[in-house]
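**Q** Starting off with a structure, shown below.
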Amino acid sequence: MKEILKKFADGEITIEKCETLLKAESIREMEGIAKFDISRKERTGFPEAILAESKNYGDLVKIIQNYFEYDGKIDLSKDNLIITRLSPERYDLLKKDLSYFLDAGVKFDYNSQGRILIMYSDKLLDLNPDLGKVAIVTAGTSDISIAEEAKTIVEQGGCKVISSYDVGIAGIHRLFPQIANLIKEEVNSIIVCAGMEGALPSVIAGLVDIPVIGVPTSVGYGIGADGKAALYSMLQSCAPGLSVVNIDNGFGAGVFALTIAQTVAKNK
């Protein structure tokens, strides 16, 4: 971008040519299989992530290679790359097929619970104290995988996370000390992951004065199978201050919580 703007400032290209080149720089075409939104972090505050789950493995490898490789070399100046919904089997394959990335200085940090991979060359985390803190709560142990996805996303956005797992309404006495601690910590928002009947986000939203983000999880059986009962319950909640993302959408909840944190930081 600097090179393009310098050419314009020196009179080497017209303003129309400058505009065309800048637009081309913001979207990188990757061998006809993907278009990488390079300027998303500057525009939205959070970089583009790659969803691995539904992609052909060969296409996934090409996208990663095109992100880090430039002119036949590994570019270590790149921002961290986030790959979501990556199975342990695919992670093992990637680590083998991209072993030359490791040799060049690219590091792999894989969260097997959250099925999320961070590829980085400088720092895994770069926390910004101005963003405050985000809390992540789960109703049960079975919801932790989605919570871990959200946690990784929030931390990659530069925000500190306070986690409290397995405090659902089946033993509601477990919840109140945790809520008291989160209020004391002055968190900006609370992500609540719950399956079964999905009641926990409503309970928490009725106890706090900050935004609560409900994440229905596909934990349950019978009418609660696939997380639909939890989703309907959260959408039908009468507790104010509760928003709801899609079933198992830890990624979306994490980005939403970061958006709240960034807004709070800007207004301070």
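Ligands are numbered from 1 in the order shown, chains are lettered A, B, ... in the order of the structure tokens, and residues start at 1 in each chain.
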DSSP says strand (DSSP E) for which residues of stretch 29-199 of chain A? Put them as a PDB file with C-alpha atoms, in the first residue's frame?

**A**
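Below you can see selection-v9.pdb, which holds the result:
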```pdb
ATOM      1  CA  GLU A  29      -7.070 -14.094  -5.314  1.00  0.00           C
ATOM      2  CA  MET A  30      -5.787 -17.543  -4.406  1.00  0.00           C
ATOM      3  CA  ALA A  34     -10.544 -18.336  -2.551  1.00  0.00           C
ATOM      4  CA  LYS A  35     -10.408 -14.575  -2.154  1.00  0.00           C
ATOM      5  CA  PHE A  36      -8.597 -13.482   0.989  1.00  0.00           C
ATOM      6  CA  ASP A  37      -9.840 -10.252   2.583  1.00  0.00           C
ATOM      7  CA  ALA A  49     -10.273 -16.650   9.621  1.00  0.00           C
ATOM      8  CA  ILE A  50     -10.372 -19.861   7.586  1.00  0.00           C
ATOM      9  CA  LEU A  51     -13.147 -22.395   8.175  1.00  0.00           C
ATOM     10  CA  GLU A  69       4.296 -17.535   0.934  1.00  0.00           C
ATOM     11  CA  TYR A  70       5.331 -14.630  -1.291  1.00  0.00           C
ATOM     12  CA  LYS A  73       9.582 -17.424   0.334  1.00  0.00           C
ATOM     13  CA  ILE A  74       7.853 -17.605   3.724  1.00  0.00           C
ATOM     14  CA  LEU A  81      -3.631 -16.953  10.823  1.00  0.00           C
ATOM     15  CA  ILE A  82      -6.699 -18.524  12.449  1.00  0.00           C
ATOM     16  CA  ILE A  83      -8.046 -21.848  11.180  1.00  0.00           C
ATOM     17  CA  THR A  84     -11.326 -22.944  12.762  1.00  0.00           C
ATOM     18  CA  LYS A 107       4.735 -21.797  14.777  1.00  0.00           C
ATOM     19  CA  PHE A 108       1.612 -23.918  15.254  1.00  0.00           C
ATOM     20  CA  ASP A 109      -0.607 -23.612  18.337  1.00  0.00           C
ATOM     21  CA  TYR A 110      -3.493 -26.089  18.211  1.00  0.00           C
ATOM     22  CA  ASN A 111      -6.356 -26.176  20.701  1.00  0.00           C
ATOM     23  CA  ILE A 116      -8.802 -24.288  16.312  1.00  0.00           C
ATOM     24  CA  LEU A 117      -5.279 -23.643  15.041  1.00  0.00           C
ATOM     25  CA  ILE A 118      -3.269 -20.435  15.296  1.00  0.00           C
ATOM     26  CA  MET A 119      -0.296 -20.130  12.954  1.00  0.00           C
ATOM     27  CA  TYR A 120       2.062 -17.329  13.938  1.00  0.00           C
ATOM     28  CA  LYS A 133     -11.981  -8.560  29.969  1.00  0.00           C
ATOM     29  CA  VAL A 134     -14.533 -10.992  28.568  1.00  0.00           C
ATOM     30  CA  ALA A 135     -16.049 -13.826  30.587  1.00  0.00           C
ATOM     31  CA  ILE A 136     -16.880 -17.227  29.125  1.00  0.00           C
ATOM     32  CA  VAL A 137     -19.198 -19.541  31.055  1.00  0.00           C
ATOM     33  CA  THR A 138     -20.457 -23.022  30.219  1.00  0.00           C
ATOM     34  CA  LYS A 160      -8.235 -11.112  28.326  1.00  0.00           C
ATOM     35  CA  VAL A 161     -10.597 -14.011  29.063  1.00  0.00           C
ATOM     36  CA  ILE A 162     -11.905 -15.249  32.399  1.00  0.00           C
ATOM     37  CA  SER A 163     -13.384 -18.752  32.109  1.00  0.00           C
ATOM     38  CA  SER A 164     -15.813 -20.563  34.378  1.00  0.00           C
ATOM     39  CA  SER A 189     -19.619  -9.055  28.459  1.00  0.00           C
ATOM     40  CA  ILE A 190     -20.334 -12.689  29.252  1.00  0.00           C
ATOM     41  CA  ILE A 191     -20.441 -15.481  26.662  1.00  0.00           C
ATOM     42  CA  VAL A 192     -22.619 -18.331  27.921  1.00  0.00           C
ATOM     43  CA  CYS A 193     -22.495 -21.717  26.182  1.00  0.00           C
ATOM     44  CA  ALA A 194     -25.343 -24.098  27.020  1.00  0.00           C
TER      45      ALA A 194
END
```

**Q** Just the alpha helix (DSSP H) stuff from stretch 46-266 of chain A, please, per backbone DSSP, written as a PyMOL selection string.

**A** chain A and resi 57-68+88-97+99-104+144-156+175-185+200-205+228-235+250-266

**Q** When distances are computed from only C-alpha atoms, which of A:Val154, A:Ile146, A:Ala229, A:Ile183 shows the smallest separation from A:Val208?

**A**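 With only C-alpha atoms as the atom set, the closest residue is A:Ile183.
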
**Q** At a cut-off of 10 Å, using only C-alpha atoms, what residues contact A:Glu149? Leave out same-chain residues fewer than 5 positions from it and give the result as a PDB file with all heavy atoms, in the first residue's frame.

**A**
```pdb
ATOM      1  N   THR A  84     -10.304 -22.419  11.858  1.00  0.00           N
ATOM      2  CA  THR A  84     -11.326 -22.944  12.762  1.00  0.00           C
ATOM      3  C   THR A  84     -11.870 -24.291  12.290  1.00  0.00           C
ATOM      4  O   THR A  84     -11.752 -24.663  11.136  1.00  0.00           O
ATOM      5  CB  THR A  84     -12.496 -21.953  12.885  1.00  0.00           C
ATOM      6  OG1 THR A  84     -13.183 -21.857  11.622  1.00  0.00           O
ATOM      7  CG2 THR A  84     -12.007 -20.570  13.278  1.00  0.00           C
ATOM      8  N   ARG A  85     -12.485 -25.008  13.242  1.00  0.00           N
ATOM      9  CA  ARG A  85     -13.099 -26.309  12.998  1.00  0.00           C
ATOM     10  C   ARG A  85     -12.140 -27.255  12.270  1.00  0.00           C
ATOM     11  O   ARG A  85     -12.472 -27.875  11.257  1.00  0.00           O
ATOM     12  CB  ARG A  85     -14.405 -26.148  12.217  1.00  0.00           C
ATOM     13  CG  ARG A  85     -15.434 -25.264  12.906  1.00  0.00           C
ATOM     14  CD  ARG A  85     -15.844 -25.847  14.243  1.00  0.00           C
ATOM     15  NE  ARG A  85     -16.609 -24.921  15.065  1.00  0.00           N
ATOM     16  CZ  ARG A  85     -17.939 -24.848  15.067  1.00  0.00           C
ATOM     17  NH1 ARG A  85     -18.643 -25.660  14.308  1.00  0.00           N
ATOM     18  NH2 ARG A  85     -18.554 -23.974  15.833  1.00  0.00           N
ATOM     19  N   ASN A 111      -5.476 -25.898  19.573  1.00  0.00           N
ATOM     20  CA  ASN A 111      -6.356 -26.176  20.701  1.00  0.00           C
ATOM     21  C   ASN A 111      -7.253 -27.341  20.298  1.00  0.00           C
ATOM     22  O   ASN A 111      -8.188 -27.166  19.519  1.00  0.00           O
ATOM     23  CB  ASN A 111      -7.187 -24.928  21.037  1.00  0.00           C
ATOM     24  CG  ASN A 111      -8.057 -25.109  22.269  1.00  0.00           C
ATOM     25  OD1 ASN A 111      -8.590 -26.182  22.519  1.00  0.00           O
ATOM     26  ND2 ASN A 111      -8.204 -24.037  23.036  1.00  0.00           N
ATOM     27  N   SER A 112      -6.956 -28.535  20.808  1.00  0.00           N
ATOM     28  CA  SER A 112      -7.693 -29.721  20.387  1.00  0.00           C
ATOM     29  C   SER A 112      -9.138 -29.704  20.866  1.00  0.00           C
ATOM     30  O   SER A 112     -10.023 -30.242  20.193  1.00  0.00           O
ATOM     31  CB  SER A 112      -6.992 -30.994  20.900  1.00  0.00           C
ATOM     32  OG  SER A 112      -6.873 -30.968  22.306  1.00  0.00           O
ATOM     33  N   GLN A 113      -9.393 -29.075  22.028  1.00  0.00           N
ATOM     34  CA  GLN A 113     -10.770 -28.983  22.507  1.00  0.00           C
ATOM     35  C   GLN A 113     -11.605 -28.068  21.613  1.00  0.00           C
ATOM     36  O   GLN A 113     -12.728 -28.382  21.244  1.00  0.00           O
ATOM     37  CB  GLN A 113     -10.810 -28.477  23.954  1.00  0.00           C
ATOM     38  CG  GLN A 113     -10.546 -29.545  25.003  1.00  0.00           C
ATOM     39  CD  GLN A 113     -10.820 -29.021  26.396  1.00  0.00           C
ATOM     40  OE1 GLN A 113     -10.243 -28.028  26.826  1.00  0.00           O
ATOM     41  NE2 GLN A 113     -11.700 -29.692  27.110  1.00  0.00           N
ATOM     42  N   GLY A 114     -11.047 -26.927  21.298  1.00  0.00           N
ATOM     43  CA  GLY A 114     -11.771 -25.969  20.455  1.00  0.00           C
ATOM     44  C   GLY A 114     -11.630 -26.228  18.978  1.00  0.00           C
ATOM     45  O   GLY A 114     -12.257 -25.537  18.167  1.00  0.00           O
ATOM     46  N   ARG A 115     -10.796 -27.209  18.606  1.00  0.00           N
ATOM     47  CA  ARG A 115     -10.526 -27.547  17.197  1.00  0.00           C
ATOM     48  C   ARG A 115     -10.143 -26.296  16.403  1.00  0.00           C
ATOM     49  O   ARG A 115     -10.675 -26.020  15.325  1.00  0.00           O
ATOM     50  CB  ARG A 115     -11.738 -28.220  16.558  1.00  0.00           C
ATOM     51  CG  ARG A 115     -12.073 -29.577  17.148  1.00  0.00           C
ATOM     52  CD  ARG A 115     -13.202 -30.249  16.373  1.00  0.00           C
ATOM     53  NE  ARG A 115     -14.418 -29.450  16.388  1.00  0.00           N
ATOM     54  CZ  ARG A 115     -15.305 -29.417  15.413  1.00  0.00           C
ATOM     55  NH1 ARG A 115     -15.143 -30.149  14.331  1.00  0.00           N
ATOM     56  NH2 ARG A 115     -16.390 -28.670  15.503  1.00  0.00           N
ATOM     57  N   ILE A 116      -9.194 -25.544  16.947  1.00  0.00           N
ATOM     58  CA  ILE A 116      -8.802 -24.288  16.312  1.00  0.00           C
ATOM     59  C   ILE A 116      -7.280 -24.167  16.336  1.00  0.00           C
ATOM     60  O   ILE A 116      -6.634 -24.478  17.333  1.00  0.00           O
ATOM     61  CB  ILE A 116      -9.498 -23.099  17.014  1.00  0.00           C
ATOM     62  CG1 ILE A 116      -9.279 -21.796  16.253  1.00  0.00           C
ATOM     63  CG2 ILE A 116      -9.068 -22.972  18.464  1.00  0.00           C
ATOM     64  CD1 ILE A 116     -10.209 -20.681  16.714  1.00  0.00           C
ATOM     65  N   LEU A 117      -6.723 -23.751  15.211  1.00  0.00           N
ATOM     66  CA  LEU A 117      -5.279 -23.643  15.041  1.00  0.00           C
ATOM     67  C   LEU A 117      -4.891 -22.183  14.813  1.00  0.00           C
ATOM     68  O   LEU A 117      -5.509 -21.496  14.010  1.00  0.00           O
ATOM     69  CB  LEU A 117      -4.827 -24.493  13.846  1.00  0.00           C
ATOM     70  CG  LEU A 117      -3.367 -24.327  13.389  1.00  0.00           C
ATOM     71  CD1 LEU A 117      -2.400 -24.821  14.464  1.00  0.00           C
ATOM     72  CD2 LEU A 117      -3.133 -25.072  12.069  1.00  0.00           C
ATOM     73  N   ILE A 144     -17.662 -27.283  26.634  1.00  0.00           N
ATOM     74  CA  ILE A 144     -16.348 -26.645  26.698  1.00  0.00           C
ATOM     75  C   ILE A 144     -15.710 -26.483  25.317  1.00  0.00           C
ATOM     76  O   ILE A 144     -15.005 -25.491  25.069  1.00  0.00           O
ATOM     77  CB  ILE A 144     -15.410 -27.426  27.648  1.00  0.00           C
ATOM     78  CG1 ILE A 144     -15.884 -27.244  29.091  1.00  0.00           C
ATOM     79  CG2 ILE A 144     -13.965 -26.968  27.505  1.00  0.00           C
ATOM     80  CD1 ILE A 144     -15.064 -28.018  30.124  1.00  0.00           C
ATOM     81  N   VAL A 154     -11.391 -14.569  21.183  1.00  0.00           N
ATOM     82  CA  VAL A 154     -11.323 -13.364  22.015  1.00  0.00           C
ATOM     83  C   VAL A 154      -9.875 -13.015  22.329  1.00  0.00           C
ATOM     84  O   VAL A 154      -9.458 -11.842  22.232  1.00  0.00           O
ATOM     85  CB  VAL A 154     -12.133 -13.549  23.318  1.00  0.00           C
ATOM     86  CG1 VAL A 154     -11.906 -12.369  24.262  1.00  0.00           C
ATOM     87  CG2 VAL A 154     -13.618 -13.676  23.007  1.00  0.00           C
ATOM     88  N   ASP A 248     -23.678 -23.685  18.204  1.00  0.00           N
ATOM     89  CA  ASP A 248     -22.248 -24.013  18.208  1.00  0.00           C
ATOM     90  C   ASP A 248     -21.365 -22.908  17.634  1.00  0.00           C
ATOM     91  O   ASP A 248     -20.212 -23.160  17.264  1.00  0.00           O
ATOM     92  CB  ASP A 248     -21.977 -25.318  17.445  1.00  0.00           C
ATOM     93  CG  ASP A 248     -22.520 -26.541  18.159  1.00  0.00           C
ATOM     94  OD1 ASP A 248     -22.745 -26.461  19.380  1.00  0.00           O
ATOM     95  OD2 ASP A 248     -22.721 -27.584  17.495  1.00  0.00           O
ATOM     96  N   ASN A 249     -21.867 -21.678  17.573  1.00  0.00           N
ATOM     97  CA  ASN A 249     -21.110 -20.595  16.944  1.00  0.00           C
ATOM     98  C   ASN A 249     -20.224 -19.871  17.954  1.00  0.00           C
ATOM     99  O   ASN A 249     -20.421 -18.686  18.256  1.00  0.00           O
ATOM    100  CB  ASN A 249     -22.061 -19.614  16.260  1.00  0.00           C
ATOM    101  CG  ASN A 249     -21.333 -18.611  15.385  1.00  0.00           C
ATOM    102  OD1 ASN A 249     -20.138 -18.749  15.125  1.00  0.00           O
ATOM    103  ND2 ASN A 249     -22.044 -17.605  14.915  1.00  0.00           N
ATOM    104  N   GLY A 250     -19.220 -20.577  18.461  1.00  0.00           N
ATOM    105  CA  GLY A 250     -18.274 -19.959  19.378  1.00  0.00           C
ATOM    106  C   GLY A 250     -17.494 -18.846  18.711  1.00  0.00           C
ATOM    107  O   GLY A 250     -17.183 -17.823  19.334  1.00  0.00           O
ATOM    108  N   PHE A 251     -17.179 -19.028  17.445  1.00  0.00           N
ATOM    109  CA  PHE A 251     -16.438 -18.002  16.693  1.00  0.00           C
ATOM    110  C   PHE A 251     -17.223 -16.690  16.663  1.00  0.00           C
ATOM    111  O   PHE A 251     -16.697 -15.627  16.992  1.00  0.00           O
ATOM    112  CB  PHE A 251     -16.174 -18.491  15.264  1.00  0.00           C
ATOM    113  CG  PHE A 251     -15.490 -17.476  14.389  1.00  0.00           C
ATOM    114  CD1 PHE A 251     -14.111 -17.398  14.354  1.00  0.00           C
ATOM    115  CD2 PHE A 251     -16.223 -16.599  13.601  1.00  0.00           C
ATOM    116  CE1 PHE A 251     -13.467 -16.460  13.554  1.00  0.00           C
ATOM    117  CE2 PHE A 251     -15.599 -15.657  12.798  1.00  0.00           C
ATOM    118  CZ  PHE A 251     -14.213 -15.584  12.781  1.00  0.00           C
ATOM    119  N   GLY A 252     -18.501 -16.764  16.273  1.00  0.00           N
ATOM    120  CA  GLY A 252     -19.326 -15.562  16.191  1.00  0.00           C
ATOM    121  C   GLY A 252     -19.490 -14.883  17.531  1.00  0.00           C
ATOM    122  O   GLY A 252     -19.464 -13.653  17.633  1.00  0.00           O
ATOM    123  N   ALA A 253     -19.648 -15.677  18.584  1.00  0.00           N
ATOM    124  CA  ALA A 253     -19.784 -15.114  19.926  1.00  0.00           C
ATOM    125  C   ALA A 253     -18.508 -14.395  20.340  1.00  0.00           C
ATOM    126  O   ALA A 253     -18.556 -13.312  20.944  1.00  0.00           O
ATOM    127  CB  ALA A 253     -20.113 -16.222  20.923  1.00  0.00           C
ATOM    128  N   GLY A 254     -17.363 -14.986  20.003  1.00  0.00           N
ATOM    129  CA  GLY A 254     -16.085 -14.363  20.339  1.00  0.00           C
ATOM    130  C   GLY A 254     -15.889 -13.037  19.650  1.00  0.00           C
ATOM    131  O   GLY A 254     -15.462 -12.043  20.262  1.00  0.00           O
TER     132      GLY A 254
END
```

**Q** Using only C-alpha atoms, which residues of stretch 62-152 of chain A come within 9 Å of stretch 213-225 of chain A, and what is the closest atom pair for each, with the distance in Å to one decimal? Give it as JSON lines, sorted by chain and residue number.

**A**
```
{"residue": "A:Ser142", "atom": "CA", "partner": "A:Val219", "partner_atom": "CA", "distance": 6.9}
{"residue": "A:Asp143", "atom": "CA", "partner": "A:Thr217", "partner_atom": "CA", "distance": 6.5}
{"residue": "A:Ile146", "atom": "CA", "partner": "A:Thr217", "partner_atom": "CA", "distance": 7.4}
{"residue": "A:Ala147", "atom": "CA", "partner": "A:Val215", "partner_atom": "CA", "distance": 8.8}
```

**Q** Could those selected residues go to a file with N, CA and C atoms, as a compact mmCIF listing (two decimals), in the first residue's frame?

**A**
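Writing done, so here's result_3.txt:
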```txt
# COMPACT_ATOMS: atom_id res chain seq x y z
N SER A 142 -19.67 -30.67 28.61
CA SER A 142 -19.86 -30.98 27.19
C SER A 142 -19.86 -29.74 26.32
N ASP A 143 -20.02 -28.56 26.92
CA ASP A 143 -20.05 -27.31 26.16
C ASP A 143 -18.67 -26.67 26.02
N ILE A 146 -16.99 -25.63 22.48
CA ILE A 146 -17.45 -24.38 21.86
C ILE A 146 -16.90 -23.18 22.61
N ALA A 147 -16.84 -23.30 23.94
CA ALA A 147 -16.29 -22.21 24.76
C ALA A 147 -14.82 -21.97 24.44
```

**Q** In Å, rounded to a single decimal, give me how far atom CA of A:Glu155 is from atom CA of A:Lys62.

**A**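 Between atom CA of A:Lys62 and atom CA of A:Glu155 the gap works out to 26.4 Å.
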
**Q** Give me, as a PDB file with N, CA, C and O atoms, in the first residue's frame, all polymer residues having an atom no more than 10 Å from stretch 265-267 of chain A, counting only C-alpha atoms and skipping those fewer than 2 positions away in the same chain.

**A**
```pdb
ATOM      1  N   ASN A 128      -4.328  -6.449  24.834  1.00  0.00           N
ATOM      2  CA  ASN A 128      -4.452  -5.002  24.948  1.00  0.00           C
ATOM      3  C   ASN A 128      -5.268  -4.686  26.200  1.00  0.00           C
ATOM      4  O   ASN A 128      -6.477  -4.908  26.223  1.00  0.00           O
ATOM      5  N   PRO A 129      -4.646  -4.158  27.255  1.00  0.00           N
ATOM      6  CA  PRO A 129      -5.376  -3.909  28.504  1.00  0.00           C
ATOM      7  C   PRO A 129      -6.538  -2.942  28.350  1.00  0.00           C
ATOM      8  O   PRO A 129      -7.480  -2.966  29.151  1.00  0.00           O
ATOM      9  N   ASP A 130      -6.497  -2.096  27.328  1.00  0.00           N
ATOM     10  CA  ASP A 130      -7.597  -1.146  27.096  1.00  0.00           C
ATOM     11  C   ASP A 130      -8.900  -1.851  26.734  1.00  0.00           C
ATOM     12  O   ASP A 130      -9.979  -1.285  26.896  1.00  0.00           O
ATOM     13  N   LEU A 131      -8.801  -3.092  26.241  1.00  0.00           N
ATOM     14  CA  LEU A 131     -10.002  -3.825  25.840  1.00  0.00           C
ATOM     15  C   LEU A 131     -10.723  -4.474  27.019  1.00  0.00           C
ATOM     16  O   LEU A 131     -11.824  -5.014  26.862  1.00  0.00           O
ATOM     17  N   GLY A 132     -10.095  -4.456  28.186  1.00  0.00           N
ATOM     18  CA  GLY A 132     -10.748  -5.031  29.356  1.00  0.00           C
ATOM     19  C   GLY A 132     -10.787  -6.545  29.311  1.00  0.00           C
ATOM     20  O   GLY A 132      -9.880  -7.191  28.787  1.00  0.00           O
ATOM     21  N   ASN A 188     -16.536  -6.944  30.391  1.00  0.00           N
ATOM     22  CA  ASN A 188     -17.370  -6.162  29.469  1.00  0.00           C
ATOM     23  C   ASN A 188     -18.613  -6.915  29.018  1.00  0.00           C
ATOM     24  O   ASN A 188     -19.644  -6.304  28.714  1.00  0.00           O
ATOM     25  N   THR A 259     -16.139  -6.997  19.673  1.00  0.00           N
ATOM     26  CA  THR A 259     -16.717  -5.751  19.166  1.00  0.00           C
ATOM     27  C   THR A 259     -17.216  -4.885  20.322  1.00  0.00           C
ATOM     28  O   THR A 259     -17.021  -3.656  20.329  1.00  0.00           O
ATOM     29  N   ILE A 260     -17.840  -5.517  21.305  1.00  0.00           N
ATOM     30  CA  ILE A 260     -18.281  -4.789  22.511  1.00  0.00           C
ATOM     31  C   ILE A 260     -17.073  -4.209  23.241  1.00  0.00           C
ATOM     32  O   ILE A 260     -17.078  -3.034  23.633  1.00  0.00           O
ATOM     33  N   ALA A 261     -16.044  -5.017  23.421  1.00  0.00           N
ATOM     34  CA  ALA A 261     -14.843  -4.569  24.132  1.00  0.00           C
ATOM     35  C   ALA A 261     -14.176  -3.401  23.418  1.00  0.00           C
ATOM     36  O   ALA A 261     -13.721  -2.428  24.046  1.00  0.00           O
ATOM     37  N   GLN A 262     -14.112  -3.477  22.082  1.00  0.00           N
ATOM     38  CA  GLN A 262     -13.499  -2.397  21.310  1.00  0.00           C
ATOM     39  C   GLN A 262     -14.305  -1.114  21.406  1.00  0.00           C
ATOM     40  O   GLN A 262     -13.740  -0.012  21.499  1.00  0.00           O
ATOM     41  N   THR A 263     -15.624  -1.238  21.416  1.00  0.00           N
ATOM     42  CA  THR A 263     -16.492  -0.065  21.536  1.00  0.00           C
ATOM     43  C   THR A 263     -16.316   0.595  22.896  1.00  0.00           C
ATOM     44  O   THR A 263     -16.241   1.825  23.004  1.00  0.00           O
TER      45      THR A 263
END
```

**Q** Please, what distance in Å, to one decimal, runs between atom CA of A:Met1 and atom CA of A:Leu21?

**A**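 A separation of 8.6 Å between them.
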
**Q** Write out as a short mmCIF file (atom, residue, chain, number, x, y, z; two decimals) with N, CA and C atoms, in the first residue's frame the residues lying within 12 Å of A:Asp103, counting only C-alpha atoms and excluding same-chain residues fewer than 6 positions away.

**A**
```cif
data_model
loop_
_atom_site.label_atom_id
_atom_site.label_comp_id
_atom_site.auth_asym_id
_atom_site.auth_seq_id
_atom_site.Cartn_x
_atom_site.Cartn_y
_atom_site.Cartn_z
N ILE A 74 8.79 -17.73 2.61
CA ILE A 74 7.85 -17.60 3.72
C ILE A 74 7.95 -16.19 4.27
N LEU A 76 7.39 -13.89 7.16
CA LEU A 76 7.19 -13.94 8.60
C LEU A 76 6.59 -12.65 9.17
N LYS A 95 0.46 -30.41 9.80
CA LYS A 95 1.77 -30.28 10.44
C LYS A 95 2.83 -31.05 9.66
N LYS A 96 2.43 -32.16 9.05
CA LYS A 96 3.36 -32.95 8.25
C LYS A 96 3.61 -32.30 6.89
N SER A 121 4.19 -16.22 13.66
CA SER A 121 5.64 -16.15 13.58
C SER A 121 6.24 -15.27 14.66
#
```

**Q** Got a sec: who's within 12 Å of A:Lys7, counting only C-alpha atoms, leaving out chain neighbours fewer than 3 positions off, as a PyMOL selection string?

**A** chain A and resi 1-4+10-15+17-19+21-22

**Q** Separation of atom CA of A:Gly72 and atom CA of A:Gly157, in Å?

**A** 29.5 Å

**Q** What lies within 8 Å of A:Met234 using only C-alpha atoms, ignoring chain neighbours under 6 positions off, as a list in words?

**A**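 Counting only the stated atoms, we get Gly198, Ala199, Pro201, Ser202, Gly214, Pro216 and Val244 of chain A.
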
**Q** Write a file of the just-selected residues containing N, CA and C atoms, as an mmCIF file, in the first residue's frame.

**A**
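Dumped to result-v1.cif:
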```
data_model
loop_
_atom_site.group_PDB
_atom_site.id
_atom_site.type_symbol
_atom_site.label_atom_id
_atom_site.label_comp_id
_atom_site.auth_asym_id
_atom_site.auth_seq_id
_atom_site.Cartn_x
_atom_site.Cartn_y
_atom_site.Cartn_z
ATOM 1 N N GLY A 198 -30.968 -25.041 27.483
ATOM 2 C CA GLY A 198 -30.367 -23.735 27.220
ATOM 3 C C GLY A 198 -30.829 -22.623 28.145
ATOM 4 N N ALA A 199 -31.068 -22.922 29.413
ATOM 5 C CA ALA A 199 -31.627 -21.926 30.327
ATOM 6 C C ALA A 199 -30.581 -20.997 30.945
ATOM 7 N N PRO A 201 -28.082 -18.927 29.961
ATOM 8 C CA PRO A 201 -27.924 -17.521 29.551
ATOM 9 C C PRO A 201 -29.028 -16.613 30.094
ATOM 10 N N SER A 202 -30.265 -17.115 30.130
ATOM 11 C CA SER A 202 -31.369 -16.309 30.660
ATOM 12 C C SER A 202 -31.178 -16.030 32.143
ATOM 13 N N GLY A 214 -25.573 -15.498 24.315
ATOM 14 C CA GLY A 214 -25.934 -16.899 24.452
ATOM 15 C C GLY A 214 -25.481 -17.717 23.256
ATOM 16 N N PRO A 216 -26.130 -21.425 21.954
ATOM 17 C CA PRO A 216 -26.732 -22.760 22.090
ATOM 18 C C PRO A 216 -25.781 -23.806 21.518
ATOM 19 N N VAL A 244 -28.268 -13.681 21.037
ATOM 20 C CA VAL A 244 -28.079 -15.106 20.760
ATOM 21 C C VAL A 244 -27.423 -15.282 19.398
#
```
